[in-house]
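Enquirer: Please see the structure below; I have some questions.
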Amino acid sequence: MSDPKIQIKNLYKIFGKAPEKALTNVQAGMSKDALREETRHVLGVDNVSLDIAPRNIQVVMGLSGSGKSTLIRHINRLIEPTAGEILVDGENVLTMDKDALRDLRRFKMSMVFQHFGLFPHRRVIENVAYGLIVQGVDETQADKRAKHWISRVGLEGYENNYPGQLSGGMRQRVGLARGLATDADILLMDEAFSALDPLIRYDMQSILIDLQKELHKTIVFITHDLDEALRIGDQIAILRDGHLVQQGSAQDIVLRPADGYIEDFIKDINRARVIKLGSLMTPLEGTPPADAPRLDAGTLLQEALMAVAQSDSNTVIVEEHGTVKGQVTTRAVIAALHG
Amino acid sequence: MWDFFTEFPSIGRRDLSQLQMGIDDGFRAFSRAYGEALEIFFSPLLHFLVWFEKLLLATPWPIILIVLSGLAWLGSRSWKITVGTFLAFAVIGYFGMWEDTMATLAIISVATFVCILLGIPLGILMAKSDRMQGAITPILDVMQTIPSFVYLIPVVMLLGIGKVPGLIAVCIYAIPPIVRLTNLGIRLVDREVLEAAEAFGASPRQKLFDVQIPLALPNIFAGVNQTIMMALAMVVIASMIGVRGLGVPVLRAISNQYLALGLMNGLAIVALAIIFDRVSQSYGKRLQAHREGFEK
Ligand SMILES: Nc1ncnc2c1ncn2[C@@H]1O[C@H](COP(=O)(O)OP(=O)(O)OP(=O)(O)O)[C@@H](O)[C@H]1O
Ligand SMILES: [Mg+2]
């Protein structure tokens, strides 16, 4: 794997009057609740270390109050940490002076917000062009580029409307276009789709997935919705009370949950729609039966079920790019579906 | 012993009057030393006010009437308000109050201008820092609640009687709303919207001019509106210290018990107030049309 795009190292954030003092308590093992009750400080982020690979969608998940927003706001330093380090492309964000930080925000990363954060007094096109104007791009050029992104998110014809004239889903398309328009490598999305209806949310996820296939940005995507996390996340990090409980692919989370908290989290999902054959693969035992079905490692169980059921030998052969890699038994499939 | 409870233990008449005289002498010395400097400091303001008043009086009345109605139209985009403005000024002129009304218009305009010039930056400063807010709020409270006659005294001691002290008195009375509402408007700007500007690398200046002020504008405008209203309310009192305008005949009416004169000039002030209020309010409403989602 290439060098991480974003590295978060031993990050702590404590809200309150004397966070440094509270930090020693936390490092000595005091819990979030105890900290609140005894010192009136709130533990926002608790010793989080996370490497985020380039060109990936990194989901950060957790219940309300688990510190997701606080964590993502450290990456562009909208929030100052109490302790720890954040590196972007190997550069320490926390030692940057004002100008360097401003350039980081202007050129390297952009952000999409839960409640859209649009400028209500600016037209759609002016909203989308905002990051470019701040960068110093001249107006005609900015308009041209803004128009391009407006059409990429499917909003042609609405350039001159005000955000107040659009529906929620359309507003967030504006938010997304504004985030994409600056051509920043990194896109920070804080519950960007959480305020939308399920159907519209699904559409927005599809738009994001399609765009990502072509743009290959490093996306940090916050959500509290597991289905959303499993659908779009290359990697999923799960936070609880400010600390990182598990970081891994959807397969890791579903098949090897780190603890009871995560088991609880995943107990209601449709496992057949998440688990892929490749994750259950074991090495071939002897020569495979000639009539066993052959499927790609990326096949979801729900699509493989029929083939599995009809296999006389109770095995399916797993291939990657057409070469045989291993096998999956009916028993393994049933065990994986049961959890 | 019982005396202690029936009579409040005060510092005594002699000590008190000595204290008051001390303060007065101190202030007199101050005004002797700095009065002239202050007058020079304020002289551009005086020239501006005099120039504006002369302009209003020298311009033929039909032009003024047209300009005022035009401004009402530009501000309100309402025929009702525009025609109302035209008629009100026509009636005022017909009843012989044209000159006083122009003088009042001049001082109100200049006072409002000064209040905006000082008040908006002050409100911005207050919004930027809680400490500033903590320091300025009580001063505004005092300015608004202290009887206006009381602060006329030091103003007159410093600058004597005339247009400038009158203008200052009007401004002291009228500036608090615009400061308060600018502060409030900026503080009420949606945090996420401001955060968005910040996340895209906006400088504090860009945040202020791109986001905070435009979004605070409806509130700032409500402040301007209230400031104008308060300036108008101050017109009668200001005429006690030498400001010309509709307040002068009102004062004369009070001292001579001229009911009709007082009523007419009073109503002229009311008419001005209504016009200013309607025009600036509907302008403020149009400013925030984008929020409700109407096409501009
Ligand atoms: N400015 C602040 N001052 C004090 N406490 C704060 C502040 N911001 C966040 N917190 C606390 O930090 C913790 C984490 O908050 P955060 O907003 O990061 O949670 P979240 O995971 O984003 O939740 P949600 O899903 O509700 O958005 C919470 O306990 C919250 O109360
Ligand atoms: Mg949040």
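By order in the structure tokens, chains are A, B, ...; within a chain, residues start at 1; ligands start at 1, following the order shown.
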Throw together the list of residues within 9 Å of ligand 2, counting only C-alpha atoms and all ligand atoms, and drop it here as a compact mmCIF listing (two decimals) with all heavy atoms, in the first residue's frame.

Expert:
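Output below, filename out02.txt:
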```
# COMPACT_ATOMS: atom_id res chain seq x y z
N SER A 64 -24.34 9.02 17.76
CA SER A 64 -24.32 10.46 18.03
C SER A 64 -23.47 10.75 19.26
O SER A 64 -23.56 10.05 20.26
CB SER A 64 -25.76 10.92 18.26
OG SER A 64 -25.78 12.31 18.36
N GLY A 65 -22.60 11.73 19.15
CA GLY A 65 -21.76 12.10 20.27
C GLY A 65 -20.48 11.31 20.40
O GLY A 65 -19.71 11.48 21.33
N SER A 66 -20.23 10.43 19.42
CA SER A 66 -19.04 9.59 19.52
C SER A 66 -17.78 10.31 19.05
O SER A 66 -16.69 9.77 19.14
CB SER A 66 -19.23 8.30 18.72
OG SER A 66 -19.49 8.61 17.37
N GLY A 67 -17.93 11.54 18.55
CA GLY A 67 -16.73 12.33 18.22
C GLY A 67 -16.40 12.39 16.75
O GLY A 67 -15.32 12.83 16.38
N LYS A 68 -17.34 11.98 15.89
CA LYS A 68 -17.06 11.95 14.45
C LYS A 68 -16.80 13.35 13.90
O LYS A 68 -15.80 13.58 13.23
CB LYS A 68 -18.24 11.32 13.70
CG LYS A 68 -18.70 9.98 14.24
CD LYS A 68 -19.86 9.43 13.47
CE LYS A 68 -21.15 10.22 13.58
NZ LYS A 68 -21.80 10.18 14.89
N SER A 69 -17.72 14.26 14.21
CA SER A 69 -17.56 15.63 13.69
C SER A 69 -16.29 16.26 14.25
O SER A 69 -15.57 16.97 13.55
CB SER A 69 -18.75 16.49 14.07
OG SER A 69 -19.91 15.99 13.48
N THR A 70 -16.05 16.03 15.51
CA THR A 70 -14.85 16.59 16.12
C THR A 70 -13.61 16.06 15.42
O THR A 70 -12.70 16.82 15.09
CB THR A 70 -14.82 16.21 17.62
OG1 THR A 70 -16.07 16.56 18.20
CG2 THR A 70 -13.72 16.94 18.33
N GLN A 114 -23.39 18.58 6.78
CA GLN A 114 -24.65 17.87 7.03
C GLN A 114 -25.86 18.71 6.65
O GLN A 114 -26.77 18.23 5.99
CB GLN A 114 -24.73 17.49 8.51
CG GLN A 114 -26.04 16.80 8.87
CD GLN A 114 -26.01 16.19 10.26
OE1 GLN A 114 -25.08 16.38 11.02
NE2 GLN A 114 -27.06 15.47 10.60
N ASP A 190 -19.03 15.51 6.28
CA ASP A 190 -19.57 15.26 7.62
C ASP A 190 -21.07 14.99 7.55
O ASP A 190 -21.86 15.91 7.46
CB ASP A 190 -19.28 16.44 8.53
CG ASP A 190 -19.69 16.16 9.97
OD1 ASP A 190 -20.10 15.02 10.25
OD2 ASP A 190 -19.61 17.07 10.81
N GLU A 191 -21.42 13.72 7.62
CA GLU A 191 -22.83 13.32 7.53
C GLU A 191 -23.53 14.00 6.37
O GLU A 191 -24.66 14.48 6.50
CB GLU A 191 -23.56 13.64 8.84
CG GLU A 191 -22.88 12.99 10.03
CD GLU A 191 -23.85 12.51 11.09
OE1 GLU A 191 -25.01 12.23 10.74
OE2 GLU A 191 -23.44 12.38 12.25
N ILE A 222 -18.22 10.80 6.95
CA ILE A 222 -18.78 10.51 8.26
C ILE A 222 -20.23 10.07 8.11
O ILE A 222 -20.97 10.66 7.32
CB ILE A 222 -18.77 11.78 9.12
CG1 ILE A 222 -17.37 12.35 9.20
CG2 ILE A 222 -19.38 11.54 10.47
CD1 ILE A 222 -16.57 11.87 10.31
N THR A 223 -20.61 9.07 8.84
CA THR A 223 -22.02 8.69 8.83
C THR A 223 -22.34 7.96 10.13
O THR A 223 -21.45 7.48 10.82
CB THR A 223 -22.35 7.79 7.63
OG1 THR A 223 -23.73 7.46 7.68
CG2 THR A 223 -21.54 6.52 7.63
N HIS A 224 -23.63 7.93 10.46
CA HIS A 224 -24.00 7.05 11.56
C HIS A 224 -24.86 5.90 11.04
O HIS A 224 -25.44 5.15 11.81
CB HIS A 224 -24.70 7.81 12.69
CG HIS A 224 -25.94 8.53 12.25
ND1 HIS A 224 -26.04 9.89 12.28
CD2 HIS A 224 -27.09 8.08 11.73
CE1 HIS A 224 -27.22 10.25 11.81
NE2 HIS A 224 -27.87 9.17 11.46
```

Enquirer: Output the contact residues of chain A with respect to chain B at a cut-off of 10 Å, based on only C-alpha atoms, as a PyMOL selection string.

Expert: chain A and resi 73+76-78+98-99+101-123+130-135+160-166+175+178-179+182+188

Enquirer: Quick one: which chain A residues come within 12 Å of ligand 1, and what is the nearest atom pair for each with the distance in Å to one decimal, counting only C-alpha atoms and all ligand atoms, rows ordered by chain and ascending number, as CSV?

Expert:
```
residue,atom,partner,partner_atom_place_in_ligand_line,distance
A:Tyr12,CA,ligand 1,12 (O),11.2
A:Lys13,CA,ligand 1,12 (O),8.3
A:Ile14,CA,ligand 1,12 (O),7.8
A:Phe15,CA,ligand 1,4 (C),4.8
A:Gly16,CA,ligand 1,4 (C),6.5
A:Lys17,CA,ligand 1,4 (C),9.9
A:Pro19,CA,ligand 1,4 (C),11.0
A:Lys32,CA,ligand 1,29 (O),8.5
A:Asp33,CA,ligand 1,29 (O),9.6
A:Leu35,CA,ligand 1,29 (O),11.2
A:Arg36,CA,ligand 1,29 (O),9.4
A:Arg40,CA,ligand 1,4 (C),9.9
A:His41,CA,ligand 1,4 (C),7.8
A:Val42,CA,ligand 1,5 (N),5.5
A:Leu43,CA,ligand 1,12 (O),6.0
A:Gly44,CA,ligand 1,12 (O),3.9
A:Val45,CA,ligand 1,14 (C),7.1
A:Asp46,CA,ligand 1,14 (C),10.1
A:Val60,CA,ligand 1,21 (O),9.2
A:Met61,CA,ligand 1,21 (O),7.9
A:Gly62,CA,ligand 1,21 (O),6.1
A:Leu63,CA,ligand 1,25 (O),5.8
A:Ser64,CA,ligand 1,25 (O),3.4
A:Gly65,CA,ligand 1,19 (O),3.4
A:Ser66,CA,ligand 1,21 (O),3.9
A:Gly67,CA,ligand 1,18 (O),3.2
A:Lys68,CA,ligand 1,21 (O),3.8
A:Ser69,CA,ligand 1,22 (O),3.6
A:Thr70,CA,ligand 1,18 (O),3.7
A:Leu71,CA,ligand 1,18 (O),6.4
A:Ile72,CA,ligand 1,18 (O),8.2
A:Arg73,CA,ligand 1,18 (O),8.6
A:His74,CA,ligand 1,18 (O),10.3
A:Leu78,CA,ligand 1,1 (N),11.0
A:Ile79,CA,ligand 1,1 (N),8.9
A:Glu80,CA,ligand 1,1 (N),10.9
A:Pro81,CA,ligand 1,8 (N),11.9
A:Phe113,CA,ligand 1,27 (O),10.8
A:Gln114,CA,ligand 1,27 (O),8.7
A:His115,CA,ligand 1,27 (O),11.0
A:Met189,CA,ligand 1,22 (O),11.5
A:Asp190,CA,ligand 1,22 (O),7.9
A:Glu191,CA,ligand 1,27 (O),7.5
A:Ala192,CA,ligand 1,27 (O),10.8
A:Ser194,CA,ligand 1,25 (O),9.4
A:Ala195,CA,ligand 1,27 (O),11.2
A:Phe221,CA,ligand 1,22 (O),11.7
A:Ile222,CA,ligand 1,22 (O),8.2
A:Thr223,CA,ligand 1,25 (O),7.5
A:His224,CA,ligand 1,25 (O),6.3
A:Asp225,CA,ligand 1,25 (O),9.8
A:Ile238,CA,ligand 1,21 (O),10.4
A:Leu239,CA,ligand 1,21 (O),8.0
A:Arg240,CA,ligand 1,21 (O),8.5
A:Asp241,CA,ligand 1,29 (O),7.5
A:Gly242,CA,ligand 1,14 (C),6.8
A:His243,CA,ligand 1,14 (C),10.5
A:Leu244,CA,ligand 1,21 (O),11.8
```

Enquirer: Just C-alpha atoms for this one: save the residues we selected as a PDB file, in the first residue's frame.

Expert:
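For reference, out.pdb as written:
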```pdb
ATOM      1  CA  TYR A  12      -6.938  13.808  21.792  1.00  0.00           C
ATOM      2  CA  LYS A  13      -9.533  16.522  22.025  1.00  0.00           C
ATOM      3  CA  ILE A  14     -10.983  17.561  25.348  1.00  0.00           C
ATOM      4  CA  PHE A  15     -13.544  20.359  25.594  1.00  0.00           C
ATOM      5  CA  GLY A  16     -13.472  22.458  28.745  1.00  0.00           C
ATOM      6  CA  LYS A  17     -11.609  25.113  30.677  1.00  0.00           C
ATOM      7  CA  PRO A  19      -8.034  20.540  28.817  1.00  0.00           C
ATOM      8  CA  LYS A  32     -15.633   9.902  29.276  1.00  0.00           C
ATOM      9  CA  ASP A  33     -18.459   9.749  31.813  1.00  0.00           C
ATOM     10  CA  LEU A  35     -14.345  12.921  33.192  1.00  0.00           C
ATOM     11  CA  ARG A  36     -17.607  14.753  32.669  1.00  0.00           C
ATOM     12  CA  ARG A  40     -16.757  18.950  33.827  1.00  0.00           C
ATOM     13  CA  HIS A  41     -14.701  18.354  30.736  1.00  0.00           C
ATOM     14  CA  VAL A  42     -16.000  16.575  27.656  1.00  0.00           C
ATOM     15  CA  LEU A  43     -13.859  13.983  25.963  1.00  0.00           C
ATOM     16  CA  GLY A  44     -14.362  14.540  22.247  1.00  0.00           C
ATOM     17  CA  VAL A  45     -11.605  12.423  20.723  1.00  0.00           C
ATOM     18  CA  ASP A  46      -9.702   9.882  22.747  1.00  0.00           C
ATOM     19  CA  VAL A  60     -15.904   7.106  10.041  1.00  0.00           C
ATOM     20  CA  MET A  61     -18.878   5.724  11.875  1.00  0.00           C
ATOM     21  CA  GLY A  62     -20.295   5.946  15.323  1.00  0.00           C
ATOM     22  CA  LEU A  63     -23.335   6.878  17.338  1.00  0.00           C
ATOM     23  CA  SER A  64     -24.323  10.462  18.029  1.00  0.00           C
ATOM     24  CA  GLY A  65     -21.757  12.105  20.275  1.00  0.00           C
ATOM     25  CA  SER A  66     -19.037   9.589  19.521  1.00  0.00           C
ATOM     26  CA  GLY A  67     -16.734  12.327  18.221  1.00  0.00           C
ATOM     27  CA  LYS A  68     -17.059  11.953  14.453  1.00  0.00           C
ATOM     28  CA  SER A  69     -17.557  15.631  13.691  1.00  0.00           C
ATOM     29  CA  THR A  70     -14.851  16.585  16.124  1.00  0.00           C
ATOM     30  CA  LEU A  71     -12.425  14.169  14.489  1.00  0.00           C
ATOM     31  CA  ILE A  72     -13.059  15.287  10.914  1.00  0.00           C
ATOM     32  CA  ARG A  73     -12.717  18.963  11.874  1.00  0.00           C
ATOM     33  CA  HIS A  74      -9.204  18.290  13.059  1.00  0.00           C
ATOM     34  CA  LEU A  78     -11.353  23.864  12.239  1.00  0.00           C
ATOM     35  CA  ILE A  79     -10.746  22.473  15.725  1.00  0.00           C
ATOM     36  CA  GLU A  80      -7.419  22.571  17.565  1.00  0.00           C
ATOM     37  CA  PRO A  81      -6.482  19.297  19.217  1.00  0.00           C
ATOM     38  CA  PHE A 113     -21.716  19.648   5.437  1.00  0.00           C
ATOM     39  CA  GLN A 114     -24.646  17.871   7.031  1.00  0.00           C
ATOM     40  CA  HIS A 115     -26.991  20.814   6.725  1.00  0.00           C
ATOM     41  CA  MET A 189     -17.924  14.908   4.217  1.00  0.00           C
ATOM     42  CA  ASP A 190     -19.568  15.257   7.617  1.00  0.00           C
ATOM     43  CA  GLU A 191     -22.827  13.315   7.534  1.00  0.00           C
ATOM     44  CA  ALA A 192     -23.318  14.826   4.120  1.00  0.00           C
ATOM     45  CA  SER A 194     -27.831  12.223   6.780  1.00  0.00           C
ATOM     46  CA  ALA A 195     -30.381  15.004   6.433  1.00  0.00           C
ATOM     47  CA  PHE A 221     -17.004  10.274   4.947  1.00  0.00           C
ATOM     48  CA  ILE A 222     -18.785  10.510   8.265  1.00  0.00           C
ATOM     49  CA  THR A 223     -22.023   8.690   8.831  1.00  0.00           C
ATOM     50  CA  HIS A 224     -24.001   7.048  11.563  1.00  0.00           C
ATOM     51  CA  ASP A 225     -25.744   4.806   9.081  1.00  0.00           C
ATOM     52  CA  ILE A 238     -15.813   2.866  14.117  1.00  0.00           C
ATOM     53  CA  LEU A 239     -15.707   5.331  16.978  1.00  0.00           C
ATOM     54  CA  ARG A 240     -17.179   4.950  20.410  1.00  0.00           C
ATOM     55  CA  ASP A 241     -17.030   7.642  23.097  1.00  0.00           C
ATOM     56  CA  GLY A 242     -14.224   9.266  21.155  1.00  0.00           C
ATOM     57  CA  HIS A 243     -11.956   6.279  20.731  1.00  0.00           C
ATOM     58  CA  LEU A 244     -11.369   4.097  17.725  1.00  0.00           C
TER      59      LEU A 244
END
```

Enquirer: Name the closest residue to B:Ala127 among the candidates B:Val170, B:Gln212, B:Val235, B:Ile139; distances are taken between atoms, counting only C-alpha atoms.

Expert: B:Gln212

Enquirer: Residues at most 8 Å from A:Leu11, counting only C-alpha atoms, excluding those fewer than 2 positions away in the same chain, as a PyMOL selection string?

Expert: chain A and resi 8-9+13+45-49+81-86

Enquirer: Write the residues you've just listed into a file as an mmCIF file, in the first residue's frame, and include N, CA, C and O atoms for each of them.

Expert:
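Result file follows (out-v1.cif):
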```cif
data_model
loop_
_atom_site.group_PDB
_atom_site.id
_atom_site.type_symbol
_atom_site.label_atom_id
_atom_site.label_comp_id
_atom_site.auth_asym_id
_atom_site.auth_seq_id
_atom_site.Cartn_x
_atom_site.Cartn_y
_atom_site.Cartn_z
ATOM 1 N N ILE A 8 -3.404 10.336 11.253
ATOM 2 C CA ILE A 8 -3.812 10.906 12.536
ATOM 3 C C ILE A 8 -3.087 10.098 13.594
ATOM 4 O O ILE A 8 -3.153 8.867 13.585
ATOM 5 N N LYS A 9 -2.353 10.796 14.463
ATOM 6 C CA LYS A 9 -1.535 10.064 15.435
ATOM 7 C C LYS A 9 -1.880 10.486 16.849
ATOM 8 O O LYS A 9 -1.698 11.649 17.211
ATOM 9 N N LYS A 13 -8.885 15.223 21.913
ATOM 10 C CA LYS A 13 -9.533 16.522 22.025
ATOM 11 C C LYS A 13 -10.431 16.515 23.248
ATOM 12 O O LYS A 13 -11.337 15.685 23.371
ATOM 13 N N VAL A 45 -12.368 13.440 21.437
ATOM 14 C CA VAL A 45 -11.605 12.423 20.723
ATOM 15 C C VAL A 45 -10.579 11.854 21.688
ATOM 16 O O VAL A 45 -9.894 12.590 22.391
ATOM 17 N N ASP A 46 -10.504 10.540 21.731
ATOM 18 C CA ASP A 46 -9.702 9.882 22.747
ATOM 19 C C ASP A 46 -8.645 8.993 22.090
ATOM 20 O O ASP A 46 -8.936 7.874 21.668
ATOM 21 N N ASN A 47 -7.438 9.503 21.973
ATOM 22 C CA ASN A 47 -6.295 8.721 21.507
ATOM 23 C C ASN A 47 -6.574 7.988 20.200
ATOM 24 O O ASN A 47 -6.413 6.782 20.110
ATOM 25 N N VAL A 48 -6.994 8.726 19.192
ATOM 26 C CA VAL A 48 -7.289 8.105 17.908
ATOM 27 C C VAL A 48 -6.059 8.152 17.017
ATOM 28 O O VAL A 48 -5.436 9.201 16.845
ATOM 29 N N SER A 49 -5.690 7.001 16.488
ATOM 30 C CA SER A 49 -4.650 6.941 15.462
ATOM 31 C C SER A 49 -5.261 6.273 14.249
ATOM 32 O O SER A 49 -5.875 5.217 14.364
ATOM 33 N N PRO A 81 -6.500 20.453 18.323
ATOM 34 C CA PRO A 81 -6.482 19.297 19.217
ATOM 35 C C PRO A 81 -5.878 19.643 20.574
ATOM 36 O O PRO A 81 -5.189 20.653 20.710
ATOM 37 N N THR A 82 -6.148 18.794 21.542
ATOM 38 C CA THR A 82 -5.500 18.945 22.837
ATOM 39 C C THR A 82 -4.109 18.318 22.787
ATOM 40 O O THR A 82 -3.164 18.833 23.364
ATOM 41 N N ALA A 83 -4.009 17.193 22.091
ATOM 42 C CA ALA A 83 -2.704 16.546 21.915
ATOM 43 C C ALA A 83 -2.775 15.687 20.670
ATOM 44 O O ALA A 83 -3.857 15.299 20.234
ATOM 45 N N GLY A 84 -1.615 15.393 20.109
ATOM 46 C CA GLY A 84 -1.568 14.502 18.963
ATOM 47 C C GLY A 84 -1.052 15.195 17.719
ATOM 48 O O GLY A 84 -0.668 16.367 17.759
ATOM 49 N N GLU A 85 -1.045 14.444 16.634
ATOM 50 C CA GLU A 85 -0.489 14.961 15.388
ATOM 51 C C GLU A 85 -1.407 14.633 14.231
ATOM 52 O O GLU A 85 -2.063 13.598 14.231
ATOM 53 N N ILE A 86 -1.409 15.504 13.238
ATOM 54 C CA ILE A 86 -2.125 15.217 11.997
ATOM 55 C C ILE A 86 -1.211 15.548 10.836
ATOM 56 O O ILE A 86 -0.710 16.665 10.730
#
```

Enquirer: Go through A:Asp252, A:Asp197, A:Asp3, A:Asp185 one by one, measure the shortest atom-to-atom distance of each to A:Ile236 using only C-alpha atoms, and give the residue with the smallest value.

Expert: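 Of A:Asp252, A:Asp197, A:Asp3, A:Asp185, the one nearest A:Ile236 is A:Asp252, counting only C-alpha atoms.
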
Enquirer: Give me, as a PDB file with C-alpha atoms, in the first residue's frame, all polymer residues having an atom no more than 10 Å from A:Gln212, counting only C-alpha atoms and skipping those fewer than 4 positions away in the same chain.

Expert:
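See result33.pdb below for the written result:
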```pdb
ATOM      1  CA  ARG A  55      -7.786   7.480  -3.427  1.00  0.00           C
ATOM      2  CA  ASN A  56      -9.991   5.688  -0.930  1.00  0.00           C
ATOM      3  CA  ILE A  57     -13.267   6.400   0.753  1.00  0.00           C
ATOM      4  CA  SER A 206     -24.716   6.511  -6.206  1.00  0.00           C
ATOM      5  CA  ILE A 207     -23.598   9.892  -7.517  1.00  0.00           C
ATOM      6  CA  LEU A 208     -20.680   9.876  -5.113  1.00  0.00           C
ATOM      7  CA  HIS A 216     -10.158   8.960  -7.129  1.00  0.00           C
ATOM      8  CA  LYS A 217     -10.175  11.491  -4.353  1.00  0.00           C
ATOM      9  CA  THR A 218      -9.331  10.753  -0.783  1.00  0.00           C
ATOM     10  CA  ILE A 219     -12.704  11.017   0.877  1.00  0.00           C
ATOM     11  CA  ILE A 232     -19.548   3.345   0.044  1.00  0.00           C
TER      12      ILE A 232
END
```

Enquirer: I'd like the interatomic distance between atom CA of B:Pro176 and atom CA of B:Ile274, to a tenth of an Å.

Expert: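 One can read the atom CA of B:Pro176 to atom CA of B:Ile274 distance as 20.5 Å.
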
Enquirer: Which neighbours of A:Gly169 fall inside 9 Å, counting only C-alpha atoms, when residues of the same chain fewer than 6 positions from it are skipped, and could you give them as number ranges by chain?

Expert: A: 193, 195-197, 200-201, 203-204

Enquirer: Write out the residues from the selection above, keeping N, CA, C and O atoms, as an mmCIF file, in the first residue's frame.

Expert:
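Result saved to again_22.cif:
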```
data_model
loop_
_atom_site.group_PDB
_atom_site.id
_atom_site.type_symbol
_atom_site.label_atom_id
_atom_site.label_comp_id
_atom_site.auth_asym_id
_atom_site.auth_seq_id
_atom_site.Cartn_x
_atom_site.Cartn_y
_atom_site.Cartn_z
ATOM 1 N N PHE A 193 -25.056 13.143 3.842
ATOM 2 C CA PHE A 193 -26.347 12.678 3.319
ATOM 3 C C PHE A 193 -27.351 12.392 4.425
ATOM 4 O O PHE A 193 -28.454 11.924 4.171
ATOM 5 N N ALA A 195 -29.157 14.215 6.319
ATOM 6 C CA ALA A 195 -30.381 15.004 6.433
ATOM 7 C C ALA A 195 -31.361 14.699 5.299
ATOM 8 O O ALA A 195 -32.404 15.321 5.209
ATOM 9 N N LEU A 196 -31.022 13.753 4.434
ATOM 10 C CA LEU A 196 -31.856 13.498 3.259
ATOM 11 C C LEU A 196 -32.751 12.277 3.451
ATOM 12 O O LEU A 196 -32.452 11.383 4.230
ATOM 13 N N ASP A 197 -33.857 12.242 2.701
ATOM 14 C CA ASP A 197 -34.748 11.076 2.719
ATOM 15 C C ASP A 197 -33.996 9.857 2.204
ATOM 16 O O ASP A 197 -33.111 9.990 1.363
ATOM 17 N N ILE A 200 -33.500 9.616 -1.653
ATOM 18 C CA ILE A 200 -32.592 10.636 -2.167
ATOM 19 C C ILE A 200 -31.184 10.368 -1.677
ATOM 20 O O ILE A 200 -30.204 10.552 -2.395
ATOM 21 N N ARG A 201 -31.108 9.867 -0.445
ATOM 22 C CA ARG A 201 -29.797 9.541 0.099
ATOM 23 C C ARG A 201 -29.121 8.465 -0.760
ATOM 24 O O ARG A 201 -27.945 8.562 -1.084
ATOM 25 N N ASP A 203 -29.656 7.872 -3.900
ATOM 26 C CA ASP A 203 -29.221 8.517 -5.155
ATOM 27 C C ASP A 203 -27.897 9.246 -4.982
ATOM 28 O O ASP A 203 -27.014 9.162 -5.831
ATOM 29 N N MET A 204 -27.814 9.978 -3.870
ATOM 30 C CA MET A 204 -26.593 10.766 -3.637
ATOM 31 C C MET A 204 -25.396 9.837 -3.465
ATOM 32 O O MET A 204 -24.298 10.126 -3.950
#
```

Enquirer: To test your reading of the structure, identify every residue in stretch 70-273 of chain A that backbone DSSP assigns to helix (DSSP H, G or I), and report it as a VMD selection string.

Expert: chain A and resid 70 to 75 93 to 95 98 to 108 124 to 128 130 to 135 139 to 152 163 to 165 168 to 181 198 to 215 226 to 232 250 to 255 260 to 266 271 to 273

Enquirer: What is the atom CA of A:Leu94-atom CA of A:Pro4 distance in Å, reported with one decimal?

Expert: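 One can read the atom CA of A:Leu94 to atom CA of A:Pro4 distance as 17.2 Å.
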
Enquirer: I'd like to know which of A:Val328, A:Ile266, A:Ile52, A:Val26 is closest to A:Gln247, using only C-alpha atoms.

Expert: A:Ile52

Enquirer: Just checking: using only C-alpha atoms, which residue out of B:Val142, B:Val279, B:Pro9, B:Arg131 ends up closest to B:Val83?

Expert: B:Val279

Enquirer: Hey, can you check how far atom CA of B:Lys128 sits from atom CA of B:Leu140?

Expert: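 Distance reported for this atom pair: 17.2 Å.
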
Enquirer: Skipping near chain neighbours, those fewer than 2 positions away, what residues fall within 9 Å of B:Gly247 using only C-alpha atoms, listed as number ranges by chain?

Expert: B: 100, 104, 234-240, 243-245, 249-252, 265-266, 269

Enquirer: Using only C-alpha atoms, which of B:Ile275, B:Ala72, B:Ala260, B:Leu125 sits nearest B:Leu208?

Expert: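 Of B:Ile275, B:Ala72, B:Ala260, B:Leu125, the one nearest B:Leu208, counting only C-alpha atoms, is B:Leu125.
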
Enquirer: I'd like the contact shell of B:Asn219 - 7 Å cut-off, only C-alpha atoms, skipping same-chain residues fewer than 6 positions apart - returned as a PDB file with C-alpha atoms, in the first residue's frame.

Expert:
```
ATOM      1  CA  LEU B 181     -28.559  44.816  15.831  1.00  0.00           C
ATOM      2  CA  THR B 182     -25.324  44.630  13.862  1.00  0.00           C
ATOM      3  CA  GLY B 185     -27.154  39.910  13.229  1.00  0.00           C
TER       4      GLY B 185
END
```
